[in-house]
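start-v2.cif follows; it contains mmCIF, C-alpha atoms and all ligand atoms; chains and numbers go by the auth columns.
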data_query
loop_
_atom_site.group_PDB
_atom_site.id
_atom_site.type_symbol
_atom_site.label_atom_id
_atom_site.label_comp_id
_atom_site.label_asym_id
_atom_site.label_seq_id
_atom_site.Cartn_x
_atom_site.Cartn_y
_atom_site.Cartn_z
_atom_site.B_iso_or_equiv
_atom_site.auth_seq_id
_atom_site.auth_asym_id
ATOM 1 C CA MET A 1 2.963 -39.118 52.725 0.00 1085 A
ATOM 2 C CA ARG A 2 4.484 -38.114 56.077 0.00 1086 A
ATOM 3 C CA ASN A 3 8.225 -37.469 56.433 0.00 1087 A
ATOM 4 C CA PHE A 4 9.703 -39.884 58.945 0.00 1088 A
ATOM 5 C CA ARG A 5 12.639 -38.800 61.114 0.00 1089 A
ATOM 6 C CA ILE A 6 14.872 -40.959 63.307 0.00 1090 A
ATOM 7 C CA ALA A 7 16.252 -39.365 66.456 0.00 1091 A
ATOM 8 C CA PRO A 8 18.783 -41.451 68.420 0.00 1092 A
ATOM 9 C CA SER A 9 18.724 -40.652 72.134 0.00 1093 A
ATOM 10 C CA ILE A 10 22.270 -40.056 73.350 0.00 1094 A
ATOM 11 C CA LEU A 11 21.110 -41.212 76.801 0.00 1095 A
ATOM 12 C CA SER A 12 22.159 -44.695 75.656 0.00 1096 A
ATOM 13 C CA ALA A 13 25.421 -43.546 74.041 0.00 1097 A
ATOM 14 C CA ASN A 14 28.848 -44.198 75.519 0.00 1098 A
ATOM 15 C CA PHE A 15 29.403 -40.929 77.432 0.00 1099 A
ATOM 16 C CA ALA A 16 33.152 -41.546 77.526 0.00 1100 A
ATOM 17 C CA LYS A 17 33.207 -40.815 73.785 0.00 1101 A
ATOM 18 C CA LEU A 18 30.080 -38.735 73.300 0.00 1102 A
ATOM 19 C CA GLY A 19 31.331 -36.659 70.354 0.00 1103 A
ATOM 20 C CA GLU A 20 32.177 -39.791 68.358 0.00 1104 A
ATOM 21 C CA GLU A 21 28.823 -41.313 69.271 0.00 1105 A
ATOM 22 C CA VAL A 22 26.960 -38.245 67.962 0.00 1106 A
ATOM 23 C CA ARG A 23 28.942 -38.283 64.716 0.00 1107 A
ATOM 24 C CA ALA A 24 28.450 -42.032 64.327 0.00 1108 A
ATOM 25 C CA VAL A 25 24.649 -41.980 64.372 0.00 1109 A
ATOM 26 C CA ILE A 26 24.470 -39.026 61.985 0.00 1110 A
ATOM 27 C CA ASP A 27 26.905 -40.779 59.611 0.00 1111 A
ATOM 28 C CA ALA A 28 24.686 -43.864 59.966 0.00 1112 A
ATOM 29 C CA GLY A 29 21.702 -41.902 58.615 0.00 1113 A
ATOM 30 C CA ALA A 30 19.962 -40.427 61.667 0.00 1114 A
ATOM 31 C CA ASP A 31 18.135 -37.114 61.219 0.00 1115 A
ATOM 32 C CA ILE A 32 18.128 -35.600 64.698 0.00 1116 A
ATOM 33 C CA ILE A 33 20.103 -35.865 67.945 0.00 1117 A
ATOM 34 C CA HIS A 34 17.763 -36.392 70.898 0.00 1118 A
ATOM 35 C CA PHE A 35 19.250 -34.936 74.091 0.00 1119 A
ATOM 36 C CA ASP A 36 17.672 -36.052 77.391 0.00 1120 A
ATOM 37 C CA VAL A 37 18.024 -33.682 80.340 0.00 1121 A
ATOM 38 C CA MET A 38 17.106 -35.104 83.770 0.00 1122 A
ATOM 39 C CA ASP A 39 17.369 -33.234 87.059 0.00 1123 A
ATOM 40 C CA ASN A 40 16.822 -35.852 89.806 0.00 1124 A
ATOM 41 C CA HIS A 41 13.785 -33.810 90.875 0.00 1125 A
ATOM 42 C CA TYR A 42 11.162 -33.998 88.134 0.00 1126 A
ATOM 43 C CA VAL A 43 12.508 -37.480 87.270 0.00 1127 A
ATOM 44 C CA PRO A 44 14.605 -39.843 89.405 0.00 1128 A
ATOM 45 C CA ASN A 45 17.792 -39.630 87.347 0.00 1129 A
ATOM 46 C CA LEU A 46 20.484 -37.070 86.582 0.00 1130 A
ATOM 47 C CA THR A 47 22.061 -36.542 83.174 0.00 1131 A
ATOM 48 C CA ILE A 48 23.622 -33.741 81.178 0.00 1132 A
ATOM 49 C CA GLY A 49 23.310 -29.963 81.005 0.00 1133 A
ATOM 50 C CA PRO A 50 23.803 -27.015 78.644 0.00 1134 A
ATOM 51 C CA MET A 51 27.624 -27.275 78.685 0.00 1135 A
ATOM 52 C CA VAL A 52 27.390 -30.697 77.065 0.00 1136 A
ATOM 53 C CA CYS A 53 24.952 -29.357 74.468 0.00 1137 A
ATOM 54 C CA GLU A 54 27.401 -26.552 73.700 0.00 1138 A
ATOM 55 C CA ALA A 55 30.214 -29.101 73.351 0.00 1139 A
ATOM 56 C CA ILE A 56 28.388 -31.272 70.825 0.00 1140 A
ATOM 57 C CA ARG A 57 26.898 -28.344 68.858 0.00 1141 A
ATOM 58 C CA PRO A 58 29.943 -27.948 66.545 0.00 1142 A
ATOM 59 C CA ILE A 59 30.049 -31.694 65.845 0.00 1143 A
ATOM 60 C CA THR A 60 26.874 -31.822 63.758 0.00 1144 A
ATOM 61 C CA GLN A 61 24.516 -29.653 61.758 0.00 1145 A
ATOM 62 C CA ALA A 62 21.654 -32.022 62.541 0.00 1146 A
ATOM 63 C CA PRO A 63 18.981 -30.537 64.789 0.00 1147 A
ATOM 64 C CA ILE A 64 19.577 -31.042 68.520 0.00 1148 A
ATOM 65 C CA ASP A 65 16.257 -31.912 70.116 0.00 1149 A
ATOM 66 C CA VAL A 66 16.458 -31.172 73.845 0.00 1150 A
ATOM 67 C CA HIS A 67 13.922 -32.986 76.013 0.00 1151 A
ATOM 68 C CA LEU A 68 13.786 -31.221 79.376 0.00 1152 A
ATOM 69 C CA MET A 69 12.756 -33.504 82.225 0.00 1153 A
ATOM 70 C CA VAL A 70 13.328 -30.729 84.746 0.00 1154 A
ATOM 71 C CA LYS A 71 11.357 -28.564 87.124 0.00 1155 A
ATOM 72 C CA PRO A 72 11.375 -25.558 87.015 0.00 1156 A
ATOM 73 C CA VAL A 73 11.829 -25.195 83.259 0.00 1157 A
ATOM 74 C CA ASP A 74 12.316 -21.584 82.131 0.00 1158 A
ATOM 75 C CA THR A 75 15.904 -20.873 83.227 0.00 1159 A
ATOM 76 C CA LEU A 76 17.266 -24.096 81.765 0.00 1160 A
ATOM 77 C CA ALA A 77 15.244 -23.678 78.556 0.00 1161 A
ATOM 78 C CA ALA A 78 16.914 -20.312 77.956 0.00 1162 A
ATOM 79 C CA MET A 79 20.338 -21.791 78.742 0.00 1163 A
ATOM 80 C CA PHE A 80 19.850 -24.643 76.268 0.00 1164 A
ATOM 81 C CA ALA A 81 18.743 -22.194 73.558 0.00 1165 A
ATOM 82 C CA LYS A 82 21.999 -20.303 74.107 0.00 1166 A
ATOM 83 C CA ALA A 83 23.940 -23.589 74.046 0.00 1167 A
ATOM 84 C CA GLY A 84 22.758 -24.356 70.503 0.00 1168 A
ATOM 85 C CA ALA A 85 19.568 -26.408 70.865 0.00 1169 A
ATOM 86 C CA ASP A 86 17.218 -26.315 67.875 0.00 1170 A
ATOM 87 C CA ILE A 87 14.120 -27.839 69.476 0.00 1171 A
ATOM 88 C CA ILE A 88 13.268 -27.664 73.180 0.00 1172 A
ATOM 89 C CA THR A 89 10.425 -29.659 74.690 0.00 1173 A
ATOM 90 C CA PHE A 90 9.187 -29.733 78.285 0.00 1174 A
ATOM 91 C CA HIS A 91 6.525 -31.388 80.405 0.00 1175 A
ATOM 92 C CA PRO A 92 3.441 -29.220 81.048 0.00 1176 A
ATOM 93 C CA GLU A 93 3.243 -30.396 84.684 0.00 1177 A
ATOM 94 C CA ALA A 94 6.758 -29.063 85.253 0.00 1178 A
ATOM 95 C CA SER A 95 5.923 -25.504 84.206 0.00 1179 A
ATOM 96 C CA GLU A 96 3.904 -23.062 86.305 0.00 1180 A
ATOM 97 C CA HIS A 97 2.979 -21.125 83.143 0.00 1181 A
ATOM 98 C CA ILE A 98 2.949 -23.260 80.004 0.00 1182 A
ATOM 99 C CA ASP A 99 2.267 -20.420 77.581 0.00 1183 A
ATOM 100 C CA ARG A 100 5.063 -18.336 79.110 0.00 1184 A
ATOM 101 C CA THR A 101 7.584 -21.188 78.891 0.00 1185 A
ATOM 102 C CA LEU A 102 6.689 -21.761 75.224 0.00 1186 A
ATOM 103 C CA GLY A 103 7.256 -18.032 74.702 0.00 1187 A
ATOM 104 C CA VAL A 104 10.674 -18.173 76.398 0.00 1188 A
ATOM 105 C CA ILE A 105 11.739 -20.948 74.001 0.00 1189 A
ATOM 106 C CA LYS A 106 10.357 -19.317 70.851 0.00 1190 A
ATOM 107 C CA GLU A 107 11.770 -15.882 71.700 0.00 1191 A
ATOM 108 C CA ALA A 108 15.182 -17.531 72.043 0.00 1192 A
ATOM 109 C CA GLY A 109 14.832 -18.693 68.420 0.00 1193 A
ATOM 110 C CA CYS A 110 14.114 -22.395 69.005 0.00 1194 A
ATOM 111 C CA LYS A 111 11.260 -24.639 68.037 0.00 1195 A
ATOM 112 C CA ALA A 112 9.104 -25.518 71.048 0.00 1196 A
ATOM 113 C CA GLY A 113 7.119 -28.527 72.118 0.00 1197 A
ATOM 114 C CA LEU A 114 5.163 -30.180 74.912 0.00 1198 A
ATOM 115 C CA VAL A 115 5.867 -33.669 76.250 0.00 1199 A
ATOM 116 C CA PHE A 116 3.080 -35.933 77.471 0.00 1200 A
ATOM 117 C CA ASN A 117 3.821 -38.720 79.950 0.00 1201 A
ATOM 118 C CA PRO A 118 1.809 -41.929 79.483 0.00 1202 A
ATOM 119 C CA ALA A 119 -0.899 -40.705 81.903 0.00 1203 A
ATOM 120 C CA THR A 120 -0.812 -36.984 81.036 0.00 1204 A
ATOM 121 C CA PRO A 121 -3.955 -35.891 79.153 0.00 1205 A
ATOM 122 C CA LEU A 122 -3.612 -34.302 75.718 0.00 1206 A
ATOM 123 C CA HIS A 123 -5.785 -31.313 76.642 0.00 1207 A
ATOM 124 C CA TYR A 124 -2.659 -29.391 77.708 0.00 1208 A
ATOM 125 C CA MET A 125 -2.075 -28.685 74.018 0.00 1209 A
ATOM 126 C CA ASP A 126 -5.541 -27.211 73.428 0.00 1210 A
ATOM 127 C CA TYR A 127 -4.935 -23.486 73.849 0.00 1211 A
ATOM 128 C CA VAL A 128 -1.289 -23.358 72.768 0.00 1212 A
ATOM 129 C CA MET A 129 -1.338 -25.119 69.376 0.00 1213 A
ATOM 130 C CA ASP A 130 -0.152 -21.943 67.626 0.00 1214 A
ATOM 131 C CA LYS A 131 3.041 -22.011 69.697 0.00 1215 A
ATOM 132 C CA LEU A 132 3.806 -25.712 69.249 0.00 1216 A
ATOM 133 C CA ASP A 133 6.267 -27.066 66.699 0.00 1217 A
ATOM 134 C CA MET A 134 6.386 -30.513 68.251 0.00 1218 A
ATOM 135 C CA VAL A 135 4.253 -32.800 70.404 0.00 1219 A
ATOM 136 C CA LEU A 136 6.215 -35.567 72.102 0.00 1220 A
ATOM 137 C CA LEU A 137 4.376 -38.568 73.514 0.00 1221 A
ATOM 138 C CA MET A 138 6.268 -40.632 76.064 0.00 1222 A
ATOM 139 C CA SER A 139 5.642 -44.342 75.603 0.00 1223 A
ATOM 140 C CA VAL A 140 7.469 -45.111 78.870 0.00 1224 A
ATOM 141 C CA ASN A 141 7.572 -43.252 82.162 0.00 1225 A
ATOM 142 C CA PRO A 142 10.431 -40.774 81.844 0.00 1226 A
ATOM 143 C CA GLY A 143 13.755 -41.199 83.590 0.00 1227 A
ATOM 144 C CA PHE A 144 15.491 -44.201 82.073 0.00 1228 A
ATOM 145 C CA GLY A 145 16.399 -45.744 78.744 0.00 1229 A
ATOM 146 C CA GLY A 146 15.753 -49.376 77.900 0.00 1230 A
ATOM 147 C CA GLN A 147 12.146 -49.657 79.145 0.00 1231 A
ATOM 148 C CA LYS A 148 9.297 -51.452 77.384 0.00 1232 A
ATOM 149 C CA PHE A 149 6.883 -49.592 75.098 0.00 1233 A
ATOM 150 C CA ILE A 150 3.512 -49.043 76.834 0.00 1234 A
ATOM 151 C CA PRO A 151 0.903 -50.304 74.299 0.00 1235 A
ATOM 152 C CA GLY A 152 -1.835 -47.830 75.372 0.00 1236 A
ATOM 153 C CA THR A 153 0.284 -45.100 73.788 0.00 1237 A
ATOM 154 C CA LEU A 154 -0.899 -46.243 70.344 0.00 1238 A
ATOM 155 C CA ASP A 155 -4.459 -44.999 70.971 0.00 1239 A
ATOM 156 C CA LYS A 156 -3.089 -41.753 72.360 0.00 1240 A
ATOM 157 C CA LEU A 157 -0.928 -41.333 69.254 0.00 1241 A
ATOM 158 C CA ARG A 158 -3.984 -41.773 67.026 0.00 1242 A
ATOM 159 C CA GLU A 159 -5.794 -39.080 69.009 0.00 1243 A
ATOM 160 C CA ALA A 160 -2.792 -36.710 68.902 0.00 1244 A
ATOM 161 C CA ARG A 161 -2.468 -37.286 65.122 0.00 1245 A
ATOM 162 C CA ARG A 162 -6.166 -36.480 64.674 0.00 1246 A
ATOM 163 C CA ARG A 163 -5.819 -33.200 66.589 0.00 1247 A
ATOM 164 C CA ILE A 164 -2.644 -32.199 64.744 0.00 1248 A
ATOM 165 C CA ASP A 165 -4.041 -33.045 61.303 0.00 1249 A
ATOM 166 C CA GLU A 166 -7.198 -31.060 62.057 0.00 1250 A
ATOM 167 C CA TYR A 167 -5.052 -28.093 63.156 0.00 1251 A
ATOM 168 C CA THR A 168 -2.758 -28.327 60.085 0.00 1252 A
ATOM 169 C CA ALA A 169 -5.730 -28.538 57.713 0.00 1253 A
ATOM 170 C CA ARG A 170 -7.124 -25.364 59.295 0.00 1254 A
ATOM 171 C CA THR A 171 -3.920 -23.315 59.531 0.00 1255 A
ATOM 172 C CA GLY A 172 -1.387 -24.838 57.122 0.00 1256 A
ATOM 173 C CA ARG A 173 1.111 -25.085 60.021 0.00 1257 A
ATOM 174 C CA GLU A 174 2.924 -28.361 60.573 0.00 1258 A
ATOM 175 C CA ILE A 175 3.505 -29.828 64.059 0.00 1259 A
ATOM 176 C CA TRP A 176 5.825 -32.816 64.403 0.00 1260 A
ATOM 177 C CA LEU A 177 4.547 -35.783 66.415 0.00 1261 A
ATOM 178 C CA GLU A 178 7.406 -37.520 68.192 0.00 1262 A
ATOM 179 C CA ILE A 179 7.356 -40.781 70.147 0.00 1263 A
ATOM 180 C CA ASP A 180 9.876 -41.707 72.819 0.00 1264 A
ATOM 181 C CA GLY A 181 10.436 -44.921 74.754 0.00 1265 A
ATOM 182 C CA GLY A 182 10.797 -48.548 73.766 0.00 1266 A
ATOM 183 C CA VAL A 183 10.915 -47.865 70.022 0.00 1267 A
ATOM 184 C CA LYS A 184 12.501 -50.840 68.227 0.00 1268 A
ATOM 185 C CA ILE A 185 12.821 -52.235 64.704 0.00 1269 A
ATOM 186 C CA ASP A 186 9.937 -54.621 65.362 0.00 1270 A
ATOM 187 C CA ASN A 187 7.390 -52.026 66.559 0.00 1271 A
ATOM 188 C CA ILE A 188 8.342 -48.860 64.641 0.00 1272 A
ATOM 189 C CA ALA A 189 5.945 -49.560 61.741 0.00 1273 A
ATOM 190 C CA GLU A 190 2.966 -50.012 64.069 0.00 1274 A
ATOM 191 C CA ILE A 191 3.904 -46.798 65.890 0.00 1275 A
ATOM 192 C CA ALA A 192 4.189 -44.916 62.594 0.00 1276 A
ATOM 193 C CA ALA A 193 0.826 -46.272 61.434 0.00 1277 A
ATOM 194 C CA ALA A 194 -0.700 -44.875 64.640 0.00 1278 A
ATOM 195 C CA GLY A 195 0.536 -41.395 63.718 0.00 1279 A
ATOM 196 C CA ALA A 196 4.118 -40.695 64.806 0.00 1280 A
ATOM 197 C CA ASP A 197 6.493 -39.031 62.348 0.00 1281 A
ATOM 198 C CA THR A 198 9.588 -38.659 64.548 0.00 1282 A
ATOM 199 C CA PHE A 199 11.052 -41.641 66.407 0.00 1283 A
ATOM 200 C CA VAL A 200 13.365 -41.398 69.394 0.00 1284 A
ATOM 201 C CA ALA A 201 15.356 -44.588 69.874 0.00 1285 A
ATOM 202 C CA GLY A 202 18.093 -44.945 72.459 0.00 1286 A
ATOM 203 C CA SER A 203 18.924 -48.531 73.369 0.00 1287 A
ATOM 204 C CA ALA A 204 17.571 -49.880 70.048 0.00 1288 A
ATOM 205 C CA ILE A 205 20.338 -48.005 68.236 0.00 1289 A
ATOM 206 C CA TYR A 206 23.186 -47.463 70.693 0.00 1290 A
ATOM 207 C CA ASN A 207 23.055 -50.964 72.159 0.00 1291 A
ATOM 208 C CA THR A 208 23.641 -52.530 68.742 0.00 1292 A
ATOM 209 C CA PRO A 209 27.061 -53.005 67.143 0.00 1293 A
ATOM 210 C CA ASP A 210 26.110 -51.550 63.737 0.00 1294 A
ATOM 211 C CA TYR A 211 24.165 -48.278 63.977 0.00 1295 A
ATOM 212 C CA LYS A 212 23.707 -48.023 60.212 0.00 1296 A
ATOM 213 C CA ALA A 213 22.246 -51.521 59.939 0.00 1297 A
ATOM 214 C CA THR A 214 19.763 -50.677 62.710 0.00 1298 A
ATOM 215 C CA ILE A 215 18.730 -47.327 61.246 0.00 1299 A
ATOM 216 C CA ASP A 216 18.430 -48.875 57.765 0.00 1300 A
ATOM 217 C CA ALA A 217 16.238 -51.641 59.206 0.00 1301 A
ATOM 218 C CA MET A 218 14.023 -49.018 60.895 0.00 1302 A
ATOM 219 C CA ARG A 219 13.686 -47.118 57.620 0.00 1303 A
ATOM 220 C CA ALA A 220 12.825 -50.332 55.779 0.00 1304 A
ATOM 221 C CA GLU A 221 10.011 -50.928 58.301 0.00 1305 A
ATOM 222 C CA LEU A 222 8.820 -47.321 57.901 0.00 1306 A
ATOM 223 C CA ALA A 223 8.751 -47.704 54.115 0.00 1307 A
ATOM 224 C CA LYS A 224 6.067 -50.414 54.544 0.00 1308 A
ATOM 225 C CA VAL A 225 3.701 -48.079 56.410 0.00 1309 A
ATOM 226 C CA LYS A 226 0.501 -47.186 54.563 0.00 1310 A
ATOM 227 C CA GLU A 227 -1.229 -43.990 55.611 0.00 1311 A
HETATM 228 O O1 LIG B . 13.458 -39.736 77.623 0.00 1 B
HETATM 229 C C1 LIG B . 13.730 -40.892 77.655 0.00 1 B
HETATM 230 C C2 LIG B . 13.609 -41.637 78.928 0.00 1 B
HETATM 231 O O2 LIG B . 13.141 -40.766 79.884 0.00 1 B
HETATM 232 C C3 LIG B . 14.059 -41.586 76.407 0.00 1 B
HETATM 233 O O3 LIG B . 14.588 -40.715 75.423 0.00 1 B
HETATM 234 C C4 LIG B . 14.887 -42.803 76.462 0.00 1 B
HETATM 235 O O4 LIG B . 16.246 -42.489 76.366 0.00 1 B
HETATM 236 C C5 LIG B . 14.547 -43.717 75.321 0.00 1 B
HETATM 237 O O5 LIG B . 15.301 -44.855 75.469 0.00 1 B
HETATM 238 P P1 LIG B . 14.882 -46.222 74.799 0.00 1 B
HETATM 239 O O6 LIG B . 13.573 -46.624 75.387 0.00 1 B
HETATM 240 O O7 LIG B . 14.781 -45.957 73.323 0.00 1 B
HETATM 241 O O8 LIG B . 16.012 -47.129 75.160 0.00 1 B
#
Encoded form using structure tokens:
Amino acid sequence: MRNFRIAPSILSANFAKLGEEVRAVIDAGADIIHFDVMDNHYVPNLTIGPMVCEAIRPITQAPIDVHLMVKPVDTLAAMFAKAGADIITFHPEASEHIDRTLGVIKEAGCKAGLVFNPATPLHYMDYVMDKLDMVLLMSVNPGFGGQKFIPGTLDKLREARRRIDEYTARTGREIWLEIDGGVKIDNIAEIAAAGADTFVAGSAIYNTPDYKATIDAMRAELAKVKE
């Protein structure tokens, strides 16, 4: 039985009270804080940097999962490691040297992962599996919260799950498979059945009045999933 983890994306939080918003989702039962970094270059939006990560670090012991939507990657990856990130993921197309960037993250003591946009092929993971702790599949094009889940991602998830399970059976090493974009109470079970174990949800959690009720409802859906 897979462990399922819920990772609220603070992109949809109220930035005027970010610390409270981080505490609120953890108190409501979330496992991970998902931290979206956009640079208005790799993606057409601009969000938050390492100083904000450093500011929220003392608020929670939950892992901070930094999703870098930036180009270039290496300098910011090192800065986020210093700012207290636990997991740092980046897009392979945004790095000139994927293996080197993974090394920068791991040497800084963080878990590392690759992010695949809806049209990015999975082969980027082929020769770096030993350095991956997480694979993140985008189920929307990156840049904005509140978009609709792209259904073709389900087949891609099944393929990513197959590759990861084959790797884990061979090596004993676990790699988390995260999904991000358009995850809601009414589709989370189908997404889990396709292979995801870690679920980023921004608007589905932060745009509701009762975070605990939403997270509980997601967990109830996940409990129905047969593997
Ligand atoms: O990285 C991104 C968008 O680029 C995501 O993390 C979104 O923030 C998810 O938002 P919802 O689709 O859950 O509202």
Suppose a student applies the PyMOL selection byres (((not hetatm)) within 9 of (chain B and resi 1)) to this structure; what residues should they get, written as JSON, numbers by chain? {"A": [1092, 1093, 1094, 1095, 1096, 1118, 1119, 1120, 1121, 1122, 1127, 1129, 1151, 1152, 1153, 1222, 1223, 1224, 1225, 1226, 1227, 1228, 1229, 1230, 1231, 1232, 1233, 1263, 1264, 1265, 1266, 1267, 1268, 1283, 1284, 1285, 1286, 1287, 1288, 1289, 1290, 1291]}
A:Glu1191, A:Asp1183, A:Asp1300, A:Glu1311 ranked by distance to Lys1166 (chain A), top pick (using all atoms listed in the file): A:Glu1191
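Closest approach to Asp1294 (chain A) among A:Val1109, A:Ala1192, A:Ala1139, A:Leu1160 is made by A:Val1109 (distances from only C-alpha atoms).
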Env of Val1154 (chain A): 10 Å cut, atoms = only C-alpha atoms, seq-sep filter 4 positions within chain, self excluded. Answer as a count of residues only. 15
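Between CA of Met1135 (chain A) and CA of Ile1189 (chain A) the separation is 17.7 Å.
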Given the PyMOL selection byres (((chain A and resi 1217) around 10) and not hetatm), the residues it picks as a PDB file with C-alpha atoms, in the frame of the given file:
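Final output, part18.pdb:
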ATOM      1  CA  ILE A1171      14.120 -27.839  69.476  1.00  0.00           C
ATOM      2  CA  ILE A1172      13.268 -27.664  73.180  1.00  0.00           C
ATOM      3  CA  THR A1173      10.425 -29.659  74.690  1.00  0.00           C
ATOM      4  CA  LYS A1190      10.357 -19.317  70.851  1.00  0.00           C
ATOM      5  CA  CYS A1194      14.114 -22.395  69.005  1.00  0.00           C
ATOM      6  CA  LYS A1195      11.260 -24.639  68.037  1.00  0.00           C
ATOM      7  CA  ALA A1196       9.104 -25.518  71.048  1.00  0.00           C
ATOM      8  CA  GLY A1197       7.119 -28.527  72.118  1.00  0.00           C
ATOM      9  CA  LEU A1198       5.163 -30.180  74.912  1.00  0.00           C
ATOM     10  CA  MET A1213      -1.338 -25.119  69.376  1.00  0.00           C
ATOM     11  CA  ASP A1214      -0.152 -21.943  67.626  1.00  0.00           C
ATOM     12  CA  LYS A1215       3.041 -22.011  69.697  1.00  0.00           C
ATOM     13  CA  LEU A1216       3.806 -25.712  69.249  1.00  0.00           C
ATOM     14  CA  MET A1218       6.386 -30.513  68.251  1.00  0.00           C
ATOM     15  CA  VAL A1219       4.253 -32.800  70.404  1.00  0.00           C
ATOM     16  CA  ARG A1257       1.111 -25.085  60.021  1.00  0.00           C
ATOM     17  CA  GLU A1258       2.924 -28.361  60.573  1.00  0.00           C
ATOM     18  CA  ILE A1259       3.505 -29.828  64.059  1.00  0.00           C
ATOM     19  CA  TRP A1260       5.825 -32.816  64.403  1.00  0.00           C
ATOM     20  CA  LEU A1261       4.547 -35.783  66.415  1.00  0.00           C
TER      21      LEU A1261
END
Proximity to Pro1147 (chain A) - best of A:Ala1244, A:Ile1116, A:Leu1221, A:Val1212, only C-alpha atoms: A:Ile1116
Give me the result of the PyMOL selection byres (((chain A and resi 1107) around 12) and not hetatm) on this file, residue by residue, as a compact mmCIF listing (two decimals) with C-alpha atoms, in the frame of the given file.
# COMPACT_ATOMS: atom_id res chain seq x y z
CA PRO A 1092 18.78 -41.45 68.42
CA ILE A 1094 22.27 -40.06 73.35
CA ALA A 1097 25.42 -43.55 74.04
CA LYS A 1101 33.21 -40.82 73.78
CA LEU A 1102 30.08 -38.74 73.30
CA GLY A 1103 31.33 -36.66 70.35
CA GLU A 1104 32.18 -39.79 68.36
CA GLU A 1105 28.82 -41.31 69.27
CA VAL A 1106 26.96 -38.24 67.96
CA ALA A 1108 28.45 -42.03 64.33
CA VAL A 1109 24.65 -41.98 64.37
CA ILE A 1110 24.47 -39.03 61.98
CA ASP A 1111 26.90 -40.78 59.61
CA ALA A 1112 24.69 -43.86 59.97
CA GLY A 1113 21.70 -41.90 58.62
CA ALA A 1114 19.96 -40.43 61.67
CA ASP A 1115 18.14 -37.11 61.22
CA ILE A 1116 18.13 -35.60 64.70
CA ILE A 1117 20.10 -35.86 67.94
CA ILE A 1140 28.39 -31.27 70.82
CA ARG A 1141 26.90 -28.34 68.86
CA PRO A 1142 29.94 -27.95 66.54
CA ILE A 1143 30.05 -31.69 65.84
CA THR A 1144 26.87 -31.82 63.76
CA GLN A 1145 24.52 -29.65 61.76
CA ALA A 1146 21.65 -32.02 62.54
CA TYR A 1295 24.16 -48.28 63.98
CA LYS A 1296 23.71 -48.02 60.21
Just the residues within 12 Å of Glu1243 (chain A), please, counting only C-alpha atoms, with nothing from its chain fewer than 3 positions along; format it as a PDB file with C-alpha atoms, in the coordinates of the input.
ATOM      1  CA  PRO A1205      -3.955 -35.891  79.153  1.00  0.00           C
ATOM      2  CA  LEU A1206      -3.612 -34.302  75.718  1.00  0.00           C
ATOM      3  CA  HIS A1207      -5.785 -31.313  76.642  1.00  0.00           C
ATOM      4  CA  VAL A1219       4.253 -32.800  70.404  1.00  0.00           C
ATOM      5  CA  LEU A1221       4.376 -38.568  73.514  1.00  0.00           C
ATOM      6  CA  GLY A1236      -1.835 -47.830  75.372  1.00  0.00           C
ATOM      7  CA  THR A1237       0.284 -45.100  73.788  1.00  0.00           C
ATOM      8  CA  LEU A1238      -0.899 -46.243  70.344  1.00  0.00           C
ATOM      9  CA  ASP A1239      -4.459 -44.999  70.971  1.00  0.00           C
ATOM     10  CA  LYS A1240      -3.089 -41.753  72.360  1.00  0.00           C
ATOM     11  CA  ARG A1246      -6.166 -36.480  64.674  1.00  0.00           C
ATOM     12  CA  ARG A1247      -5.819 -33.200  66.589  1.00  0.00           C
ATOM     13  CA  ILE A1248      -2.644 -32.199  64.744  1.00  0.00           C
ATOM     14  CA  ASP A1249      -4.041 -33.045  61.303  1.00  0.00           C
ATOM     15  CA  GLU A1250      -7.198 -31.060  62.057  1.00  0.00           C
ATOM     16  CA  LEU A1261       4.547 -35.783  66.415  1.00  0.00           C
ATOM     17  CA  ALA A1278      -0.700 -44.875  64.640  1.00  0.00           C
ATOM     18  CA  GLY A1279       0.536 -41.395  63.718  1.00  0.00           C
ATOM     19  CA  ALA A1280       4.118 -40.695  64.806  1.00  0.00           C
TER      20      ALA A1280
END
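Using all atoms listed in the file, the smallest distance between any of A:Ile1182, A:Ile1148, A:Ala1304, A:Ala1297 and Asp1210 (chain A) comes from A:Ile1182.
For the pair CA of Asn1201 (chain A) and CA of Cys1137 (chain A), the interatomic distance is 23.8 Å.
Take CA of Leu1306 (chain A) and CA of Asp1270 (chain A): the distance between them is 10.5 Å.
Candidate residues A:Tyr1211, A:Phe1200, A:Phe1099, A:Phe1164 were compared for distance to Glu1262 (chain A), and the nearest is A:Phe1200, using only C-alpha atoms.
The closest residue to Pro1235 (chain A), picked from A:Met1209, A:Asp1281, A:Tyr1251, A:Asn1271 and counting all atoms listed in the file, is A:Asn1271.
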What would region 1113-1118 of chain A look like with N, CA and C atoms restored, written as a compact mmCIF listing (two decimals), in the coordinates of the input?
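File selection-v6.txt, as written:
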# COMPACT_ATOMS: atom_id res chain seq x y z
N GLY A 1113 22.97 -42.25 59.26
CA GLY A 1113 21.70 -41.90 58.62
C GLY A 1113 20.63 -41.34 59.53
N ALA A 1114 20.97 -41.04 60.78
CA ALA A 1114 19.96 -40.43 61.67
C ALA A 1114 19.70 -38.98 61.25
N ASP A 1115 18.53 -38.46 61.63
CA ASP A 1115 18.14 -37.11 61.22
C ASP A 1115 18.33 -36.08 62.31
N ILE A 1116 18.24 -36.52 63.56
CA ILE A 1116 18.13 -35.60 64.70
C ILE A 1116 18.91 -36.21 65.85
N ILE A 1117 19.51 -35.37 66.70
CA ILE A 1117 20.10 -35.86 67.94
C ILE A 1117 19.14 -35.54 69.09
N HIS A 1118 18.68 -36.58 69.77
CA HIS A 1118 17.76 -36.39 70.90
C HIS A 1118 18.59 -36.34 72.18
